[in-house]
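Below is one structure, written out as structure tokens; the observations come after it.
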Amino acid sequence: MNYSPLVYALDQRNIAITGEGTLDGGAGPEHWWPWKGRGGTSPDNDQRKARAALGEMAEKGVPVEQRIFGDGGFLRPMFIEPYRSANVLIEGVTIINSPMYEIHPVLCRNVTVRNVNISSHGPNNDGCDPESSSDVLIDGCTFDTGDDCIAIKSGRNADGRRLHTPSEYIVVQNCNMKDGHGGVTIGSECSGGIRYVYAQKCKMDSPHLDRILRFKDNAMRGGVIEHVYMRDIEAGQVAGPAIEIDFQYEEGPNGPFTPVVRDVDVQNVSCRQAGSGMSLRGYRNAPIRDVRLRHLRIDKVSKPNVVENVEGLVTEDVKIG
């Protein structure tokens with residue numbers, strides 16, 4: 001229980017934000033972002049203490065209504081957050097200067113995000129993060145962000161396992177990704193599971209875009225990520241590995257919950273320049289399974305591939321460097 005998202009809906013149906021105007025969250029080096037270390041951070045406005053307390057409450061099963069923060073906690077709100085809602089349309093608007101995630105549907109069904117332009121370079125400024133939501137279409141959007149352009153999520157640790165609601169049946173298409181940590185990212189909050197994700201016909205290009213397709217998980221998050229399909233992607237330059245599946249994210253293997261990633265199919269992807277072609281890092285006791293890379297071309301790379309603890313890797317017509 002914290003500051004309200006700037007645009008919020010709870011338990012609603014048939015709702016929309018449309019038009020050609022600009023929504024400005026007013027965040028920047030002097031407002032909101034310093035709470036996460038961007039700009040004028042000091043011990044008097046640092047989120048880390050409250051963030052740790054919130055995580056501890058979740059692990060102990062403290063009821064959500066008793067997790068009260070707000071003034072003095074320095075936890076930033078989301079920009080647009082429909083929660084437990086159905087038939088949601090966000091179309092045509094421009095979003096700038098967000099405190100945290102820009103568009104964050106949680107526990108929603110039938111969500112369309114279409115022709116939205118996002119430019120916000122603050123910390124944790126993800127563009128669109130469907131969380132524990134189903135039947136989501138992200139179409140024709142432009143992302144220029146300070147974190148992942150799109151990050152599909154399903155709850156963090158104990159909360160994700162408590163709700164046990166996967167994100168599923170999600171389509172990303174015809175989007176343009178500029179700056180960001182990943183073009184299409186799965187995780188890191190994925191404890192409730194993520195499945196049936198389709199990404200196609202997107203363009204990605206920026207020296208400040210780190211990856212084309214990114215999975216991030218660890219043994220504290222756990223969860224099952226499966227049935228992820230990407231095709232027909234045109235990328236110019238990305239700074240890191242074009243394809244990354246990483247079980248070493250944050251806590252890495254230090255946890256009791258085994259991460260699962262399986263059935264990932266990537267085809268018809270071209271990239272002019274990347275840090276490397278792929279970085280696939282599973283665990284010996286929990287390998288990444290059944291990754292298929294077909295018709296993948298990366299013209300120039302600066303580092304070799306990394307493949308650790310992967311079973312069922314298939315490459316067909318893959319040309320790297």
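Residues are named by chain letter and number: chains run A, B, ... in the order of the structure tokens, numbers start at 1 in each chain, and ligands are numbered from 1 in the order shown.
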
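For A:Asp139, the list of residues within 7 Å, based on only C-alpha atoms and with local chain neighbours fewer than 6 positions off taken out, reads Val113, Arg114, Asn115, Val172, Gln173, Asn174 and Cys175 of chain A.
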
Generate a file of the selected residues that holds N, CA, C and O atoms, formatted as a PDB file, in the first residue's frame.
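selection.pdb, written as the output of this step:
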```pdb
ATOM      1  N   VAL A 113      -2.517  -2.608 -26.013  1.00  0.00           N
ATOM      2  CA  VAL A 113      -1.685  -1.405 -25.968  1.00  0.00           C
ATOM      3  C   VAL A 113      -1.233  -1.165 -27.400  1.00  0.00           C
ATOM      4  O   VAL A 113      -0.433  -1.933 -27.937  1.00  0.00           O
ATOM      5  N   ARG A 114      -1.754  -0.115 -28.023  1.00  0.00           N
ATOM      6  CA  ARG A 114      -1.547   0.057 -29.461  1.00  0.00           C
ATOM      7  C   ARG A 114      -1.109   1.496 -29.776  1.00  0.00           C
ATOM      8  O   ARG A 114      -1.677   2.463 -29.280  1.00  0.00           O
ATOM      9  N   ASN A 115      -0.075   1.600 -30.623  1.00  0.00           N
ATOM     10  CA  ASN A 115       0.380   2.902 -31.144  1.00  0.00           C
ATOM     11  C   ASN A 115       0.692   3.894 -30.028  1.00  0.00           C
ATOM     12  O   ASN A 115       0.409   5.094 -30.129  1.00  0.00           O
ATOM     13  N   VAL A 172       3.389  -9.529 -29.078  1.00  0.00           N
ATOM     14  CA  VAL A 172       4.102  -8.267 -29.291  1.00  0.00           C
ATOM     15  C   VAL A 172       4.413  -8.185 -30.783  1.00  0.00           C
ATOM     16  O   VAL A 172       5.061  -9.083 -31.327  1.00  0.00           O
ATOM     17  N   GLN A 173       3.967  -7.125 -31.442  1.00  0.00           N
ATOM     18  CA  GLN A 173       4.211  -7.065 -32.877  1.00  0.00           C
ATOM     19  C   GLN A 173       4.286  -5.610 -33.361  1.00  0.00           C
ATOM     20  O   GLN A 173       3.727  -4.696 -32.752  1.00  0.00           O
ATOM     21  N   ASN A 174       5.036  -5.447 -34.467  1.00  0.00           N
ATOM     22  CA  ASN A 174       5.120  -4.163 -35.166  1.00  0.00           C
ATOM     23  C   ASN A 174       5.622  -3.028 -34.280  1.00  0.00           C
ATOM     24  O   ASN A 174       5.243  -1.861 -34.467  1.00  0.00           O
ATOM     25  N   CYS A 175       6.482  -3.349 -33.321  1.00  0.00           N
ATOM     26  CA  CYS A 175       6.991  -2.336 -32.397  1.00  0.00           C
ATOM     27  C   CYS A 175       8.400  -1.900 -32.780  1.00  0.00           C
ATOM     28  O   CYS A 175       9.125  -2.620 -33.476  1.00  0.00           O
TER      29      CYS A 175
END
```

*Can you pull out every residue within 8 Å of stretch 192-201 of chain A, counting only C-alpha atoms, but drop anything in the same chain fewer than 4 positions away, and send it as a VMD selection string?*
chain A and resid 132 152 to 156 160 to 161 163 to 175 184 186 223 to 234

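Near A:Lys319, within 10 Å and counting only C-alpha atoms, sit Ser270, Gly277, Arg294, His295, Leu296, Arg297, Ile298, Asp299 and Lys300 of chain A, not including residues fewer than 6 positions from it in the same chain.
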
*Mind checking which residues fall within 10 Å of A:Asn157, counting only C-alpha atoms, ignoring those fewer than 6 positions away in the same chain, and posting them as a list in words?*
Gly55, Ala58, Glu59, Glu189, Cys190, Ser191, Gly192, Ala219, Met220, Arg221, Gly222, Gly223 and Phe257 of chain A

Write a file of the selected residues as a PDB file, in the first residue's frame, keeping N, CA and C atoms.
```pdb
ATOM      1  N   GLY A  55      10.058  -6.649   0.854  1.00  0.00           N
ATOM      2  CA  GLY A  55      10.390  -8.019   0.485  1.00  0.00           C
ATOM      3  C   GLY A  55      10.282  -8.975   1.653  1.00  0.00           C
ATOM      4  N   ALA A  58       6.640  -9.783   2.401  1.00  0.00           N
ATOM      5  CA  ALA A  58       6.086 -10.750   1.461  1.00  0.00           C
ATOM      6  C   ALA A  58       6.521 -12.169   1.810  1.00  0.00           C
ATOM      7  N   GLU A  59       7.788 -12.339   2.149  1.00  0.00           N
ATOM      8  CA  GLU A  59       8.288 -13.673   2.489  1.00  0.00           C
ATOM      9  C   GLU A  59       7.642 -14.212   3.763  1.00  0.00           C
ATOM     10  N   GLU A 189      10.653 -10.858 -12.465  1.00  0.00           N
ATOM     11  CA  GLU A 189       9.571 -11.306 -11.595  1.00  0.00           C
ATOM     12  C   GLU A 189       8.727 -12.305 -12.373  1.00  0.00           C
ATOM     13  N   CYS A 190       8.959 -13.592 -12.114  1.00  0.00           N
ATOM     14  CA  CYS A 190       8.317 -14.629 -12.938  1.00  0.00           C
ATOM     15  C   CYS A 190       7.905 -15.835 -12.100  1.00  0.00           C
ATOM     16  N   SER A 191       7.706 -15.640 -10.804  1.00  0.00           N
ATOM     17  CA  SER A 191       7.460 -16.772  -9.908  1.00  0.00           C
ATOM     18  C   SER A 191       6.121 -17.444 -10.172  1.00  0.00           C
ATOM     19  N   GLY A 192       5.163 -16.722 -10.772  1.00  0.00           N
ATOM     20  CA  GLY A 192       3.876 -17.312 -11.096  1.00  0.00           C
ATOM     21  C   GLY A 192       3.816 -17.984 -12.453  1.00  0.00           C
ATOM     22  N   ALA A 219      17.261 -18.696  -8.648  1.00  0.00           N
ATOM     23  CA  ALA A 219      16.724 -19.708  -7.739  1.00  0.00           C
ATOM     24  C   ALA A 219      15.935 -19.113  -6.579  1.00  0.00           C
ATOM     25  N   MET A 220      15.823 -17.801  -6.498  1.00  0.00           N
ATOM     26  CA  MET A 220      14.883 -17.184  -5.565  1.00  0.00           C
ATOM     27  C   MET A 220      13.531 -16.939  -6.241  1.00  0.00           C
ATOM     28  N   ARG A 221      13.541 -16.677  -7.541  1.00  0.00           N
ATOM     29  CA  ARG A 221      12.295 -16.423  -8.265  1.00  0.00           C
ATOM     30  C   ARG A 221      11.624 -17.744  -8.644  1.00  0.00           C
ATOM     31  N   GLY A 222      12.388 -18.652  -9.240  1.00  0.00           N
ATOM     32  CA  GLY A 222      11.790 -19.894  -9.709  1.00  0.00           C
ATOM     33  C   GLY A 222      10.784 -19.615 -10.822  1.00  0.00           C
ATOM     34  N   GLY A 223       9.741 -20.405 -10.863  1.00  0.00           N
ATOM     35  CA  GLY A 223       8.719 -20.227 -11.894  1.00  0.00           C
ATOM     36  C   GLY A 223       9.069 -20.985 -13.165  1.00  0.00           C
ATOM     37  N   PHE A 257      14.319 -22.414  -5.148  1.00  0.00           N
ATOM     38  CA  PHE A 257      13.281 -22.577  -6.168  1.00  0.00           C
ATOM     39  C   PHE A 257      13.937 -22.693  -7.544  1.00  0.00           C
TER      40      PHE A 257
END
```

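Note that atom CA of A:Met177 and atom CA of A:Arg38 are 22.7 Å apart.
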
_So that I can see what lies close to A:Asn254, please list as a list in words the residues with an atom at most 12 Å from it, counting only C-alpha atoms and leaving out residues fewer than 2 positions away in the same chain._
Asp217, Asn218, Ala219, Met220, Arg221, Gly222, Phe247, Gln248, Tyr249, Glu250, Glu251, Gly252, Pro256, Phe257, Thr258, Pro259 and Tyr283 of chain A

Atoms kept (N, CA, C and O atoms) for selection, written as a PDB file, in the first residue's frame:
```
ATOM      1  N   ASP A 217      16.115 -14.869 -14.642  1.00  0.00           N
ATOM      2  CA  ASP A 217      15.509 -15.687 -13.602  1.00  0.00           C
ATOM      3  C   ASP A 217      16.609 -16.106 -12.633  1.00  0.00           C
ATOM      4  O   ASP A 217      17.801 -15.898 -12.889  1.00  0.00           O
ATOM      5  N   ASN A 218      16.226 -16.683 -11.513  1.00  0.00           N
ATOM      6  CA  ASN A 218      17.209 -17.215 -10.563  1.00  0.00           C
ATOM      7  C   ASN A 218      16.506 -18.177  -9.609  1.00  0.00           C
ATOM      8  O   ASN A 218      15.309 -18.443  -9.739  1.00  0.00           O
ATOM      9  N   ALA A 219      17.261 -18.696  -8.648  1.00  0.00           N
ATOM     10  CA  ALA A 219      16.724 -19.708  -7.739  1.00  0.00           C
ATOM     11  C   ALA A 219      15.935 -19.113  -6.579  1.00  0.00           C
ATOM     12  O   ALA A 219      15.419 -19.858  -5.746  1.00  0.00           O
ATOM     13  N   MET A 220      15.823 -17.801  -6.498  1.00  0.00           N
ATOM     14  CA  MET A 220      14.883 -17.184  -5.565  1.00  0.00           C
ATOM     15  C   MET A 220      13.531 -16.939  -6.241  1.00  0.00           C
ATOM     16  O   MET A 220      12.491 -16.984  -5.597  1.00  0.00           O
ATOM     17  N   ARG A 221      13.541 -16.677  -7.541  1.00  0.00           N
ATOM     18  CA  ARG A 221      12.295 -16.423  -8.265  1.00  0.00           C
ATOM     19  C   ARG A 221      11.624 -17.744  -8.644  1.00  0.00           C
ATOM     20  O   ARG A 221      10.425 -17.897  -8.494  1.00  0.00           O
ATOM     21  N   GLY A 222      12.388 -18.652  -9.240  1.00  0.00           N
ATOM     22  CA  GLY A 222      11.790 -19.894  -9.709  1.00  0.00           C
ATOM     23  C   GLY A 222      10.784 -19.615 -10.822  1.00  0.00           C
ATOM     24  O   GLY A 222      10.946 -18.697 -11.624  1.00  0.00           O
ATOM     25  N   PHE A 247      20.129 -17.512 -15.806  1.00  0.00           N
ATOM     26  CA  PHE A 247      19.718 -17.950 -14.472  1.00  0.00           C
ATOM     27  C   PHE A 247      20.612 -17.371 -13.379  1.00  0.00           C
ATOM     28  O   PHE A 247      20.415 -17.665 -12.195  1.00  0.00           O
ATOM     29  N   GLN A 248      21.588 -16.561 -13.746  1.00  0.00           N
ATOM     30  CA  GLN A 248      22.507 -15.982 -12.771  1.00  0.00           C
ATOM     31  C   GLN A 248      22.078 -14.582 -12.338  1.00  0.00           C
ATOM     32  O   GLN A 248      22.813 -13.894 -11.638  1.00  0.00           O
ATOM     33  N   TYR A 249      20.894 -14.148 -12.729  1.00  0.00           N
ATOM     34  CA  TYR A 249      20.421 -12.805 -12.433  1.00  0.00           C
ATOM     35  C   TYR A 249      20.317 -12.587 -10.913  1.00  0.00           C
ATOM     36  O   TYR A 249      19.808 -13.433 -10.176  1.00  0.00           O
ATOM     37  N   GLU A 250      20.823 -11.469 -10.434  1.00  0.00           N
ATOM     38  CA  GLU A 250      20.805 -11.080  -9.022  1.00  0.00           C
ATOM     39  C   GLU A 250      21.226 -12.228  -8.101  1.00  0.00           C
ATOM     40  O   GLU A 250      22.381 -12.601  -8.079  1.00  0.00           O
ATOM     41  N   GLU A 251      20.303 -12.865  -7.367  1.00  0.00           N
ATOM     42  CA  GLU A 251      20.723 -13.906  -6.406  1.00  0.00           C
ATOM     43  C   GLU A 251      21.316 -15.137  -7.075  1.00  0.00           C
ATOM     44  O   GLU A 251      21.950 -15.965  -6.399  1.00  0.00           O
ATOM     45  N   GLY A 252      21.098 -15.313  -8.364  1.00  0.00           N
ATOM     46  CA  GLY A 252      21.645 -16.462  -9.069  1.00  0.00           C
ATOM     47  C   GLY A 252      21.178 -17.773  -8.466  1.00  0.00           C
ATOM     48  O   GLY A 252      19.983 -17.988  -8.226  1.00  0.00           O
ATOM     49  N   PRO A 256      16.041 -21.727  -3.067  1.00  0.00           N
ATOM     50  CA  PRO A 256      15.516 -23.097  -3.110  1.00  0.00           C
ATOM     51  C   PRO A 256      14.568 -23.383  -4.264  1.00  0.00           C
ATOM     52  O   PRO A 256      14.044 -24.488  -4.358  1.00  0.00           O
ATOM     53  N   PHE A 257      14.319 -22.414  -5.148  1.00  0.00           N
ATOM     54  CA  PHE A 257      13.281 -22.577  -6.168  1.00  0.00           C
ATOM     55  C   PHE A 257      13.937 -22.693  -7.544  1.00  0.00           C
ATOM     56  O   PHE A 257      14.565 -21.760  -8.032  1.00  0.00           O
ATOM     57  N   THR A 258      13.776 -23.844  -8.154  1.00  0.00           N
ATOM     58  CA  THR A 258      14.453 -24.135  -9.409  1.00  0.00           C
ATOM     59  C   THR A 258      13.812 -23.373 -10.567  1.00  0.00           C
ATOM     60  O   THR A 258      12.613 -23.521 -10.817  1.00  0.00           O
ATOM     61  N   PRO A 259      14.565 -22.561 -11.286  1.00  0.00           N
ATOM     62  CA  PRO A 259      14.008 -21.910 -12.470  1.00  0.00           C
ATOM     63  C   PRO A 259      13.888 -22.891 -13.630  1.00  0.00           C
ATOM     64  O   PRO A 259      14.700 -23.807 -13.782  1.00  0.00           O
ATOM     65  N   TYR A 283      21.644 -23.870 -14.996  1.00  0.00           N
ATOM     66  CA  TYR A 283      22.322 -24.544 -13.889  1.00  0.00           C
ATOM     67  C   TYR A 283      22.567 -25.995 -14.275  1.00  0.00           C
ATOM     68  O   TYR A 283      21.805 -26.581 -15.059  1.00  0.00           O
TER      69      TYR A 283
END
```
